[in-house]
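Trainee: My structure file coords.txt, compact mmCIF, C-alpha atoms and all ligand atoms, is below:
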# COMPACT_ATOMS: atom_id res chain seq x y z
CA MET N 1 -16.74 22.95 3.35
CA VAL N 2 -14.92 19.66 3.86
CA ASN N 3 -11.90 19.41 6.15
CA VAL N 4 -9.70 16.48 5.08
CA ILE N 5 -7.51 15.35 7.98
CA GLY N 6 -4.26 13.59 6.99
CA LEU N 7 -2.72 14.47 3.63
CA GLY N 8 -0.76 11.31 2.85
CA TYR N 9 -1.10 8.85 -0.02
CA ILE N 10 -4.88 8.67 0.45
CA GLY N 11 -5.93 11.98 2.01
CA LEU N 12 -4.09 14.21 -0.45
CA PRO N 13 -5.53 12.78 -3.70
CA THR N 14 -9.00 12.65 -2.10
CA ALA N 15 -8.79 16.30 -1.03
CA LEU N 16 -7.51 17.30 -4.49
CA MET N 17 -10.23 15.33 -6.23
CA LEU N 18 -13.00 16.98 -4.19
CA ALA N 19 -11.52 20.46 -4.66
CA SER N 20 -11.17 20.00 -8.41
CA HIS N 21 -14.85 19.00 -8.59
CA GLY N 22 -16.32 22.12 -7.05
CA VAL N 23 -16.19 21.23 -3.34
CA GLU N 24 -14.67 23.76 -0.93
CA VAL N 25 -11.81 21.89 0.75
CA VAL N 26 -9.30 22.59 3.50
CA GLY N 27 -6.61 19.93 3.85
CA THR N 28 -5.09 19.54 7.32
CA ASP N 29 -1.97 17.64 8.31
CA TYR N 30 0.01 17.98 11.51
CA ASN N 31 3.25 17.54 9.58
CA GLU N 32 4.37 21.16 9.08
CA THR N 33 6.99 20.33 6.46
CA LEU N 34 4.41 18.51 4.38
CA VAL N 35 1.96 21.42 4.61
CA GLN N 36 4.72 23.90 3.69
CA THR N 37 5.64 21.81 0.64
CA LEU N 38 2.02 21.76 -0.52
CA ASN N 39 1.72 25.50 0.10
CA ARG N 40 4.81 26.02 -2.09
CA GLY N 41 2.82 24.38 -4.87
CA GLN N 42 4.68 21.07 -4.80
CA THR N 43 3.21 17.58 -4.44
CA THR N 44 4.68 15.31 -1.78
CA PHE N 45 4.91 12.03 -3.70
CA SER N 46 4.86 11.03 -7.32
CA GLU N 47 1.82 9.47 -8.91
CA ASP N 48 0.43 9.44 -12.42
CA GLY N 49 -1.85 12.45 -12.97
CA LEU N 50 -1.27 13.92 -9.50
CA GLU N 51 0.44 17.12 -10.71
CA GLN N 52 -2.43 17.93 -13.01
CA LEU N 53 -5.00 17.18 -10.32
CA PHE N 54 -3.05 19.38 -7.91
CA ALA N 55 -3.17 22.29 -10.37
CA GLN N 56 -6.93 21.83 -10.82
CA ALA N 57 -7.46 21.71 -7.05
CA LEU N 58 -5.43 24.90 -6.56
CA ALA N 59 -7.60 26.54 -9.19
CA GLY N 60 -10.60 25.22 -7.24
CA GLY N 61 -9.36 27.07 -4.14
CA ILE N 62 -8.01 24.23 -1.97
CA ARG N 63 -6.08 25.36 1.12
CA PHE N 64 -3.53 23.46 3.22
CA THR N 65 -2.93 24.02 6.90
CA THR N 66 -1.86 22.37 10.15
CA GLU N 67 -5.04 23.69 11.80
CA TYR N 68 -8.36 21.87 12.09
CA ARG N 69 -11.34 23.88 10.79
CA SER N 70 -14.86 24.12 12.16
CA THR N 71 -17.15 22.73 9.47
CA GLU N 72 -19.99 20.27 8.79
CA VAL N 73 -17.99 17.45 7.17
CA TYR N 74 -14.61 15.90 8.02
CA ILE N 75 -12.77 13.15 6.17
CA VAL N 76 -10.17 11.44 8.34
CA SER N 77 -7.41 9.67 6.45
CA VAL N 78 -4.64 8.94 8.94
CA PRO N 79 -2.51 5.79 9.33
CA THR N 80 -3.87 2.62 10.93
CA PRO N 81 -0.95 0.37 11.85
CA TYR N 82 -1.23 -2.87 13.79
CA ASP N 83 0.38 -3.83 17.05
CA LYS N 84 3.15 -6.32 16.16
CA ASP N 85 2.51 -8.45 19.29
CA SER N 86 -1.28 -8.58 19.60
CA LYS N 87 -1.80 -8.15 15.80
CA ARG N 88 -4.71 -5.86 16.65
CA ILE N 89 -5.28 -2.47 15.09
CA ASP N 90 -3.49 0.42 16.75
CA PRO N 91 -6.15 3.13 16.56
CA CYS N 92 -4.01 5.91 18.09
CA TYR N 93 -3.88 8.09 14.93
CA VAL N 94 -7.62 7.82 14.30
CA VAL N 95 -8.41 8.52 17.94
CA GLY N 96 -6.01 11.49 18.01
CA ALA N 97 -7.51 13.00 14.87
CA VAL N 98 -11.14 12.47 15.96
CA GLU N 99 -10.46 13.97 19.39
CA LYS N 100 -9.16 17.12 17.71
CA VAL N 101 -12.12 17.24 15.32
CA LEU N 102 -14.54 16.88 18.24
CA SER N 103 -12.88 19.74 20.08
CA ILE N 104 -13.73 22.10 17.24
CA CYS N 105 -16.67 20.79 15.19
CA PRO N 106 -20.28 21.95 15.60
CA GLU N 107 -23.15 19.66 16.69
CA ASN N 108 -24.45 17.46 13.85
CA ALA N 109 -21.11 17.47 12.02
CA VAL N 110 -20.35 14.35 9.96
CA ILE N 111 -17.04 12.61 10.64
CA VAL N 112 -16.11 10.26 7.81
CA ILE N 113 -13.37 7.78 8.71
CA GLU N 114 -11.62 6.86 5.46
CA SER N 115 -8.74 5.06 7.14
CA THR N 116 -8.94 1.27 6.94
CA VAL N 117 -10.07 -0.04 10.33
CA SER N 118 -10.86 -3.44 11.78
CA PRO N 119 -14.54 -4.37 12.16
CA GLY N 120 -15.90 -2.79 15.33
CA THR N 121 -13.19 -0.10 15.61
CA ILE N 122 -15.60 2.80 15.21
CA ASP N 123 -17.93 1.41 17.88
CA ARG N 124 -15.08 0.55 20.23
CA TYR N 125 -12.74 3.52 19.89
CA VAL N 126 -14.44 6.39 18.02
CA ARG N 127 -18.06 6.45 19.18
CA PRO N 128 -17.18 6.70 22.90
CA LEU N 129 -15.13 9.84 22.14
CA CYS N 130 -18.28 11.69 21.07
CA GLY N 131 -19.69 11.69 24.61
CA GLY N 132 -22.95 13.61 24.62
CA LYS N 133 -22.19 15.55 21.42
CA LYS N 134 -24.55 14.83 18.50
CA ILE N 135 -22.22 13.66 15.73
CA HIS N 136 -22.84 11.54 12.63
CA LEU N 137 -20.25 8.84 12.11
CA VAL N 138 -19.52 7.37 8.68
CA HIS N 139 -16.95 4.91 7.36
CA ALA N 140 -15.90 5.32 3.72
CA PRO N 141 -12.87 3.05 3.18
CA GLU N 142 -10.62 3.65 0.20
CA ARG N 143 -9.72 1.04 -2.44
CA ILE N 144 -7.25 2.85 -4.69
CA ILE N 145 -3.89 1.35 -5.62
CA PRO N 146 -0.65 3.35 -5.69
CA GLY N 147 0.48 3.71 -9.30
CA ASN N 148 -3.06 4.22 -10.57
CA MET N 149 -4.59 6.30 -7.79
CA VAL N 150 -6.03 9.19 -9.75
CA TYR N 151 -7.76 6.95 -12.27
CA GLU N 152 -9.06 4.59 -9.60
CA LEU N 153 -10.36 7.40 -7.38
CA GLU N 154 -12.59 8.38 -10.21
CA HIS N 155 -13.57 4.94 -11.49
CA ASN N 156 -13.59 2.45 -8.60
CA SER N 157 -16.81 1.55 -6.88
CA ARG N 158 -16.85 2.26 -3.18
CA THR N 159 -18.62 1.50 0.11
CA ILE N 160 -20.12 3.92 2.59
CA GLY N 161 -21.18 2.76 6.03
CA ALA N 162 -23.37 5.02 8.14
CA ASP N 163 -25.60 4.76 11.21
CA ASP N 164 -28.22 6.87 9.52
CA PRO N 165 -29.02 5.98 5.86
CA ALA N 166 -29.90 9.62 5.14
CA ILE N 167 -26.40 10.67 6.22
CA GLY N 168 -25.00 7.80 4.16
CA LEU N 169 -26.79 9.19 1.11
CA ARG N 170 -25.52 12.71 1.84
CA ILE N 171 -21.92 11.45 1.91
CA LYS N 172 -22.57 9.34 -1.18
CA GLU N 173 -23.55 12.56 -2.94
CA LEU N 174 -20.32 14.19 -1.80
CA TYR N 175 -18.17 11.33 -3.20
CA SER N 176 -20.33 11.28 -6.35
CA SER N 177 -18.93 14.73 -7.14
CA PHE N 178 -15.91 12.87 -8.57
CA CYS N 179 -16.59 9.12 -8.30
CA LYS N 180 -18.15 7.53 -11.37
CA GLY N 181 -18.26 4.03 -9.84
CA ASP N 182 -21.16 2.47 -7.94
CA ILE N 183 -21.41 3.62 -4.35
CA VAL N 184 -23.02 1.16 -1.94
CA VAL N 185 -24.49 2.52 1.29
CA THR N 186 -24.54 0.12 4.20
CA ASP N 187 -23.92 0.10 7.96
CA ILE N 188 -20.59 1.00 9.53
CA LYS N 189 -19.48 -2.46 10.71
CA THR N 190 -20.26 -4.02 7.31
CA ALA N 191 -18.17 -1.32 5.61
CA GLU N 192 -15.32 -1.95 8.06
CA MET N 193 -15.46 -5.70 7.50
CA THR N 194 -15.67 -5.52 3.68
CA LYS N 195 -12.57 -3.34 3.37
CA VAL N 196 -10.43 -5.59 5.55
CA ILE N 197 -11.74 -8.71 3.81
CA GLU N 198 -10.89 -7.28 0.37
CA ASN N 199 -7.24 -6.89 1.36
CA THR N 200 -7.25 -10.24 3.13
CA TYR N 201 -8.52 -11.93 -0.02
CA ARG N 202 -5.54 -10.47 -1.89
CA ALA N 203 -3.09 -11.55 0.82
CA VAL N 204 -4.38 -15.15 0.86
CA ASN N 205 -4.27 -15.43 -2.93
CA ILE N 206 -0.75 -14.00 -3.09
CA ALA N 207 0.29 -16.51 -0.42
CA PHE N 208 -1.11 -19.33 -2.55
CA ALA N 209 1.00 -18.20 -5.52
CA ASN N 210 4.06 -17.86 -3.27
CA GLU N 211 3.57 -21.36 -1.90
CA LEU N 212 3.33 -22.71 -5.44
CA ALA N 213 6.59 -20.95 -6.33
CA LYS N 214 8.36 -22.69 -3.46
CA LEU N 215 6.83 -26.04 -4.31
CA CYS N 216 7.74 -25.77 -8.02
CA HIS N 217 11.27 -24.65 -7.19
CA TYR N 218 11.68 -27.72 -4.96
CA GLU N 219 10.47 -29.91 -7.80
CA GLY N 220 12.62 -28.10 -10.42
CA MET N 221 9.55 -26.94 -12.33
CA ASN N 222 8.64 -23.63 -13.95
CA VAL N 223 5.96 -21.98 -11.82
CA ASP N 224 5.22 -19.37 -14.52
CA GLU N 225 4.36 -22.01 -17.05
CA ILE N 226 2.29 -23.94 -14.55
CA ILE N 227 0.29 -20.86 -13.55
CA ARG N 228 -0.13 -19.87 -17.20
CA ILE N 229 -1.62 -23.26 -18.04
CA CYS N 230 -3.77 -23.44 -14.89
CA ASN N 231 -5.18 -19.99 -15.61
CA MET N 232 -6.51 -21.27 -18.94
CA HIS N 233 -9.10 -23.10 -16.85
CA PRO N 234 -12.20 -20.90 -16.95
CA ARG N 235 -12.58 -20.78 -13.17
CA VAL N 236 -8.92 -20.53 -12.11
CA ASN N 237 -7.04 -17.25 -11.73
CA ILE N 238 -3.79 -17.71 -9.83
CA LEU N 239 -1.83 -14.54 -9.04
CA SER N 240 1.92 -14.12 -9.59
CA PRO N 241 4.40 -15.08 -6.89
CA GLY N 242 6.91 -12.48 -5.72
CA PRO N 243 9.61 -11.62 -3.19
CA GLY N 244 7.13 -10.69 -0.46
CA VAL N 245 4.32 -8.25 0.14
CA GLY N 246 4.75 -4.58 0.95
CA GLY N 247 2.79 -1.36 1.21
CA HIS N 248 0.52 -0.01 3.88
CA CYS N 249 -2.41 -2.38 3.28
CA ILE N 250 -1.93 -6.03 2.34
CA PRO N 251 0.85 -6.85 4.84
CA VAL N 252 -1.07 -4.99 7.56
CA ASP N 253 -4.87 -5.19 7.37
CA PRO N 254 -5.31 -9.02 7.44
CA TRP N 255 -3.51 -9.03 10.80
CA PHE N 256 -6.44 -7.04 12.23
CA LEU N 257 -8.65 -10.10 11.71
CA VAL N 258 -6.04 -12.45 13.17
CA GLY N 259 -5.67 -10.18 16.20
CA ASP N 260 -9.41 -9.93 16.85
CA TYR N 261 -10.51 -13.43 15.82
CA PRO N 262 -7.48 -15.73 16.31
CA GLN N 263 -9.56 -18.88 16.64
CA HIS N 264 -11.37 -18.22 13.35
CA THR N 265 -8.45 -17.25 11.12
CA PRO N 266 -5.99 -20.16 10.67
CA LEU N 267 -5.90 -19.73 6.87
CA ILE N 268 -5.26 -15.99 7.11
CA THR N 269 -2.59 -16.46 9.77
CA GLN N 270 -0.75 -19.04 7.68
CA SER N 271 -1.04 -16.90 4.53
CA MET N 272 0.47 -13.89 6.27
CA LYS N 273 3.36 -16.04 7.50
CA ILE N 274 3.97 -17.43 4.01
CA ASN N 275 4.13 -13.91 2.57
CA GLU N 276 6.36 -12.68 5.37
CA GLU N 277 8.81 -15.54 4.76
CA MET N 278 9.31 -14.73 1.08
CA PRO N 279 12.23 -12.31 1.61
CA ASP N 280 14.03 -15.15 3.43
CA PHE N 281 13.29 -17.52 0.55
CA VAL N 282 14.75 -14.92 -1.85
CA PHE N 283 17.84 -14.65 0.36
CA GLU N 284 18.32 -18.43 0.34
CA ARG N 285 18.00 -18.46 -3.45
CA ILE N 286 20.56 -15.63 -3.72
CA CYS N 287 23.03 -17.63 -1.62
CA LYS N 288 22.57 -20.71 -3.78
CA LEU N 289 22.98 -18.71 -7.01
CA MET N 290 26.14 -17.09 -5.65
CA GLU N 291 27.54 -20.53 -4.92
CA ALA N 292 26.55 -21.85 -8.35
CA HIS N 293 28.25 -18.89 -10.09
CA GLY N 294 31.37 -18.68 -7.94
CA ILE N 295 30.39 -15.40 -6.29
CA SER N 296 31.58 -15.27 -2.70
CA ASP N 297 31.07 -11.62 -1.86
CA PHE N 298 27.66 -10.02 -1.29
CA SER N 299 29.04 -6.73 -2.62
CA GLU N 300 28.93 -8.36 -6.07
CA VAL N 301 25.18 -8.82 -5.72
CA GLY N 302 22.89 -5.95 -6.71
CA LEU N 303 19.30 -5.61 -5.48
CA TYR N 304 17.29 -3.66 -8.04
CA GLY N 305 14.30 -1.90 -6.44
CA LEU N 306 13.54 -0.59 -2.96
CA THR N 307 9.89 0.30 -3.31
CA TYR N 308 7.13 -2.14 -2.49
CA LYS N 309 5.84 -2.25 -6.08
CA GLU N 310 6.73 -1.05 -9.54
CA ASP N 311 6.68 2.59 -10.67
CA VAL N 312 5.82 4.14 -7.28
CA ASP N 313 8.12 5.77 -4.70
CA ASP N 314 6.41 4.19 -1.65
CA ILE N 315 8.91 2.07 0.29
CA ARG N 316 6.68 1.11 3.24
CA GLU N 317 7.10 -2.54 4.31
CA SER N 318 8.90 -3.22 1.02
CA PRO N 319 10.27 -6.76 0.51
CA THR N 320 13.74 -5.32 -0.20
CA LEU N 321 13.74 -3.48 3.13
CA GLN N 322 12.48 -6.63 4.87
CA LEU N 323 15.29 -8.63 3.25
CA LEU N 324 17.95 -6.06 4.19
CA GLU N 325 16.68 -5.83 7.75
CA ARG N 326 16.91 -9.60 8.27
CA HIS N 327 20.08 -10.10 6.19
CA PRO N 328 22.17 -6.93 6.42
CA GLU N 329 24.84 -8.06 3.95
CA ALA N 330 26.90 -5.68 1.80
CA PHE N 331 24.52 -5.83 -1.19
CA HIS N 332 24.54 -2.98 -3.67
CA VAL N 333 21.09 -1.44 -4.02
CA TYR N 334 19.54 0.76 -6.69
CA ASP N 335 16.08 2.18 -7.28
CA PRO N 336 15.32 4.81 -9.92
CA MET N 337 12.31 6.02 -7.87
CA VAL N 338 14.12 6.48 -4.55
CA CYS N 339 16.75 9.13 -3.71
CA GLY N 340 20.08 7.96 -2.33
CA GLY N 341 20.96 7.53 1.34
CA LEU N 342 18.04 5.35 2.38
CA VAL N 343 20.08 2.16 2.89
CA ALA N 344 23.76 1.22 2.97
CA ASN N 345 25.54 0.85 -0.40
CA GLN N 346 22.71 2.52 -2.30
CA ASP N 347 23.89 3.57 -5.75
CA THR N 348 22.31 6.57 -7.39
CA ASP N 349 23.88 5.83 -10.75
CA PHE N 350 22.49 2.82 -12.62
CA ALA N 351 25.68 2.18 -14.62
CA ASN N 352 27.72 2.19 -11.43
CA PHE N 353 25.24 -0.18 -9.80
CA LEU N 354 25.40 -2.58 -12.75
CA GLN N 355 29.17 -2.51 -12.69
CA HIS N 356 29.07 -3.88 -9.13
CA SER N 357 26.36 -6.45 -9.79
CA ARG N 358 27.64 -9.75 -11.13
CA LEU N 359 24.40 -11.18 -9.81
CA LEU N 360 21.46 -8.83 -10.36
CA VAL N 361 18.35 -9.51 -8.28
CA VAL N 362 15.20 -7.88 -9.60
CA MET N 363 13.16 -7.07 -6.49
CA VAL N 364 10.85 -4.58 -8.26
CA GLY N 365 9.79 -4.57 -11.90
CA HIS N 366 10.01 -0.82 -12.54
CA SER N 367 9.35 0.18 -16.17
CA HIS N 368 12.86 1.69 -16.13
CA LEU N 369 14.46 -1.77 -16.06
CA LYS N 370 12.49 -2.97 -19.06
CA THR N 371 14.02 -0.15 -21.13
CA CYS N 372 17.55 -1.16 -20.14
CA THR N 373 17.62 -4.83 -21.07
CA GLU N 374 20.62 -4.41 -23.42
CA GLU N 375 22.72 -3.17 -20.52
CA LEU N 376 21.93 -6.35 -18.60
CA GLU N 377 23.70 -8.66 -21.03
CA GLY N 378 26.26 -10.94 -19.42
CA LYS N 379 24.77 -10.62 -15.95
CA VAL N 380 23.46 -13.49 -13.88
CA ILE N 381 19.89 -12.34 -13.21
CA PHE N 382 17.44 -13.54 -10.58
CA ASP N 383 14.08 -12.02 -11.46
CA THR N 384 11.73 -12.33 -8.48
CA ARG N 385 9.02 -10.29 -10.22
CA HIS N 386 8.74 -11.95 -13.60
CA ALA N 387 9.57 -8.54 -15.02
CA LEU N 388 12.07 -9.51 -17.72
CA LYS N 389 9.89 -11.53 -20.05
CA GLY N 390 11.60 -13.67 -22.69
CA MET N 391 15.06 -13.30 -21.16
CA ASP N 392 17.25 -16.10 -19.90
CA VAL N 393 17.02 -15.41 -16.17
CA TYR N 394 16.46 -17.32 -12.96
CA ARG N 395 12.90 -16.89 -11.73
CA ILE N 396 11.32 -17.22 -8.34
N1 LIG Q 401 -1.66 3.92 0.79
C1 LIG Q 401 -2.56 3.12 0.26
O1 LIG Q 401 -2.34 2.54 -0.79
C2 LIG Q 401 -3.92 2.92 0.89
C3 LIG Q 401 -4.96 2.38 0.12
C4 LIG Q 401 -6.23 2.23 0.70
C5 LIG Q 401 -6.41 2.59 2.03
N2 LIG Q 401 -5.37 3.09 2.78
C6 LIG Q 401 -5.62 3.47 4.17
O2 LIG Q 401 -5.71 4.89 4.24
C7 LIG Q 401 -5.23 5.34 5.50
C8 LIG Q 401 -4.16 6.39 5.30
O3 LIG Q 401 -3.06 5.78 4.64
P1 LIG Q 401 -1.97 6.64 3.89
O4 LIG Q 401 -1.22 5.66 3.04
O5 LIG Q 401 -2.57 7.83 3.26
O6 LIG Q 401 -1.06 7.11 5.13
P2 LIG Q 401 0.10 8.19 5.10
O7 LIG Q 401 1.04 7.82 6.19
O8 LIG Q 401 0.62 8.34 3.71
O9 LIG Q 401 -0.64 9.56 5.47
C9 LIG Q 401 -1.22 9.82 6.68
C10 LIG Q 401 -1.07 11.31 6.99
O10 LIG Q 401 -1.81 11.60 8.16
C11 LIG Q 401 -1.10 12.57 8.91
N3 LIG Q 401 -1.62 12.52 10.28
C12 LIG Q 401 -1.56 11.50 11.17
N4 LIG Q 401 -2.25 11.82 12.29
C13 LIG Q 401 -2.74 13.06 12.11
C14 LIG Q 401 -3.54 13.92 12.89
N5 LIG Q 401 -3.98 13.57 14.11
N6 LIG Q 401 -3.86 15.13 12.39
C15 LIG Q 401 -3.44 15.51 11.16
N7 LIG Q 401 -2.69 14.74 10.36
C16 LIG Q 401 -2.35 13.51 10.83
C17 LIG Q 401 0.35 12.17 8.75
O11 LIG Q 401 1.22 13.28 9.00
C18 LIG Q 401 0.38 11.73 7.28
O12 LIG Q 401 0.75 12.79 6.41
C19 LIG Q 401 -4.73 4.10 6.25
O13 LIG Q 401 -5.74 3.62 7.08
C20 LIG Q 401 -4.51 3.10 5.12
O14 LIG Q 401 -4.62 1.77 5.55
C21 LIG Q 401 -4.14 3.29 2.23
Have the structure of the file written as structure tokens, please.
Ligand SMILES: NC(=O)c1ccc[n+]([C@@H]2O[C@H](COP(=O)([O-])OP(=O)(O)OC[C@H]3O[C@@H](n4cnc5c(N)ncnc54)[C@H](O)[C@@H]3O)[C@@H](O)[C@H]2O)c1

Mentor:
Amino acid sequence: MVNVIGLGYIGLPTALMLASHGVEVVGTDYNETLVQTLNRGQTTFSEDGLEQLFAQALAGGIRFTTEYRSTEVYIVSVPTPYDKDSKRIDPCYVVGAVEKVLSICPENAVIVIESTVSPGTIDRYVRPLCGGKKIHLVHAPERIIPGNMVYELEHNSRTIGADDPAIGLRIKELYSSFCKGDIVVTDIKTAEMTKVIENTYRAVNIAFANELAKLCHYEGMNVDEIIRICNMHPRVNILSPGPGVGGHCIPVDPWFLVGDYPQHTPLITQSMKINEEMPDFVFERICKLMEAHGISDFSEVGLYGLTYKEDVDDIRESPTLQLLERHPEAFHVYDPMVCGGLVANQDTDFANFLQHSRLLVVMVGHSHLKTCTEELEGKVIFDTRHALKGMDVYRI
């Protein structure tokens, strides 16, 4: 039996995947409301294919509880934030979960940490918790992307770090029950480092695109066209600029490296700052567009999108929330994926939102917007996501 600890965006699909592939699974979360929702047969967030996977897992006998179970294998998938001052990982959730596992698990149990952690975290914070108890520690970081989680769980390759290669192979076999991708077995610190570096690579490349957007705007040039042409070079692949970076990974994990290795990470530090400044750049552009179009009141500006990326309902660290936090003006806000009441002046009716928005700022390129282009006629549009292709809009 596998006890999955933490049933959020990562733990829940992982637990469901295992259970729907013949593994006996108990999912544990200390959030009672969440566990009650799952026990009522409802999923807790929306994601392509999740409902179907949930039904298969229920048929496979998955159970949800707030209790930890005594078993041979645990998968820990709890949050790993960073400390805003030191930039270092805050391991409190991982430590809390492992302490509870250790209080109940038998000798020789395997504890798999799936949460993303900075290199050395398991040695520094988890291993000392084991004391004299014989426990096998494993790190199996997750790579899936919200919006395509179910597909990627099955098809991505993955990394497993273990002290003992035989245990690594045993856990590889467990993940192979559903994972069709290559599974590399390595040591724990290498697995920790690779996961953080993968997200850091993304952050640095996004920062490069964002810097180009600022530079091209200053020069009055079209960054889209420039990137399109540059990417025709066989060894160039520039990403798209945007209004900032959100989610639980890319705006967080690279800071772990900055916190632990400040003298070795000037590029990463600068990249994170560039990405963090993008909501301010968007705000400045909004102010200039308002001036250019004779709009003096922020209540005539509509921000479309509250989530951190398109077609998901995850709002964590979203650029729109960052913008609103730093510039709490009377913007109207609308997001088809997010229920009302999250922020001030949030419309739940799209037509009503459009009526208020002389200037429409596309903060998220949800598919919904692309089906409504006729309704956007006559609006001044600032598209920070390059979502409205072929339309006459201002771009980032
Ligand atoms: N969300 C992503 O896209 C993504 C992708 C790859 C990796 N990760 C990593 O996966 C980890 C989990 O992220 P997430 O997005 O699933 O977080 P989440 O906040 O969605 O879920 C975490 C869950 O853990 C529960 N929890 C916390 N401490 C607990 C404890 N001691 N016992 C029982 N339950 C506990 C919380 O109630 C919550 O439901 C993080 O390290 C994250 O960096 C996330």

Trainee: Nearest to His332 in chain N: which of N:Leu289, N:Met278, N:Leu354, N:Ala97 is it, counting all atoms listed in the file?

Mentor: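 Ranked by minimum distance to His332 in chain N, first place goes to N:Leu354.
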
Trainee: In Å, with one decimal, what is the gap from CA of Gln52 in chain N to CA of Ile10 in chain N?

Mentor: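 According to the coordinates, CA of Gln52 in chain N and CA of Ile10 in chain N are separated by 16.5 Å.
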
Trainee: Show me, as a count of residues only, the residues that have an atom within 9 Å of range 120-133 of chain N when counting only C-alpha atoms, minus same-chain residues fewer than 3 positions from it.

Mentor: 19

Trainee: Residues within 7 Å of ligand LIG 401 (chain Q) should be enumerated using all atoms listed in the file and returned as a PyMOL selection string.

Mentor: chain N and resi 5-11+28-31+77-80+93-94+96-97+114-117+141-146+247-249

Trainee: Padding 3 Å on every side, please: axis-aligned box over the listed atoms of range 57-67 of chain N, centre and edge lengths to one decimal in Å, as lines of an AutoDock Vina configuration file.

Mentor:
center_x = -6.2
center_y = 24.4
center_z = 1.3
size_x = 14.7
size_y = 11.4
size_z = 27.0

Trainee: Go through N:Ile396, N:Ile274, N:Cys92, N:Val2 and flag the residue nearest Ala109 in chain N, using only C-alpha atoms for the distances.

Mentor: N:Val2

Trainee: Between CA of Arg88 in chain N and CA of Val76 in chain N, measure the distance and give it in Å to one decimal.

Mentor: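 Interatomic distance, CA of Arg88 in chain N to CA of Val76 in chain N: 20.0 Å.
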
Trainee: May I have the residues within 9 Å of Thr307 in chain N as a PyMOL selection string, using only C-alpha atoms and disregarding those fewer than 4 positions away in the same chain?

Mentor: chain N and resi 246-247+311-321+335+337-338+363-364

Trainee: For a test of reading the model, state the distance in Å between CA of Arg285 in chain N and CA of Gly390 in chain N, rounded to one decimal.

Mentor: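 We find that CA of Arg285 in chain N and CA of Gly390 in chain N lie 20.8 Å from each other.
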
Trainee: Using all atoms listed in the file, which residue out of N:Gly168, N:Gly259, N:Pro254, N:Pro241 lies closest to Thr200 in chain N?

Mentor: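 Looking at the shortest contact to Thr200 in chain N, the residue is N:Pro254.
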
Trainee: Considering only C-alpha atoms, can you say which of N:Lys100, N:Arg395, N:His368, N:Arg40 comes closest to Val282 in chain N?

Mentor: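 The shortest atom-to-atom distance to Val282 in chain N comes from N:Arg395.
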
Trainee: Applying 10 Å and all atoms listed in the file, which residues near Lys214 in chain N remain after dropping the ones on its own chain fewer than 2 positions away? List them as a ChimeraX atom specification.

Mentor: /N:209-212,216-221,223,241,278,281,396

Trainee: Scan for residues within 9 Å of the point (-13.8, 19.2, -1.7) in the coordinates of the file, using all atoms listed in the file, and reply as an MDAnalysis selection string.

Mentor: chainID N and resid 1:4 14:26 57 60 62 174 177

Trainee: Out of N:Lys273, N:Arg385, N:His356, N:His327, which residue has the shortest atom-to-atom distance to Ile295 in chain N when counting all atoms listed in the file?

Mentor: N:His356

Trainee: My list of candidates is N:Glu276, N:Glu51, N:Asp253, N:Asp297. Which is closest to Phe331 in chain N when distances are computed with only C-alpha atoms?

Mentor: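 Closest to Phe331 in chain N, using only C-alpha atoms: N:Asp297.
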
Trainee: Saving range 29-41 of chain N with C-alpha atoms, as a compact mmCIF listing (two decimals), in the first residue's frame, what would that file be?

Mentor:
# COMPACT_ATOMS: atom_id res chain seq x y z
CA ASP N 29 -4.26 15.47 3.66
CA TYR N 30 -4.58 17.43 6.88
CA ASN N 31 -7.12 19.73 5.26
CA GLU N 32 -10.42 18.21 6.43
CA THR N 33 -12.56 20.15 3.96
CA LEU N 34 -10.46 18.91 1.07
CA VAL N 35 -10.70 15.30 2.27
CA GLN N 36 -14.48 15.64 2.73
CA THR N 37 -14.83 16.99 -0.81
CA LEU N 38 -12.88 14.05 -2.22
CA ASN N 39 -14.92 11.63 -0.12
CA ARG N 40 -18.09 13.16 -1.60
CA GLY N 41 -16.75 12.11 -4.99
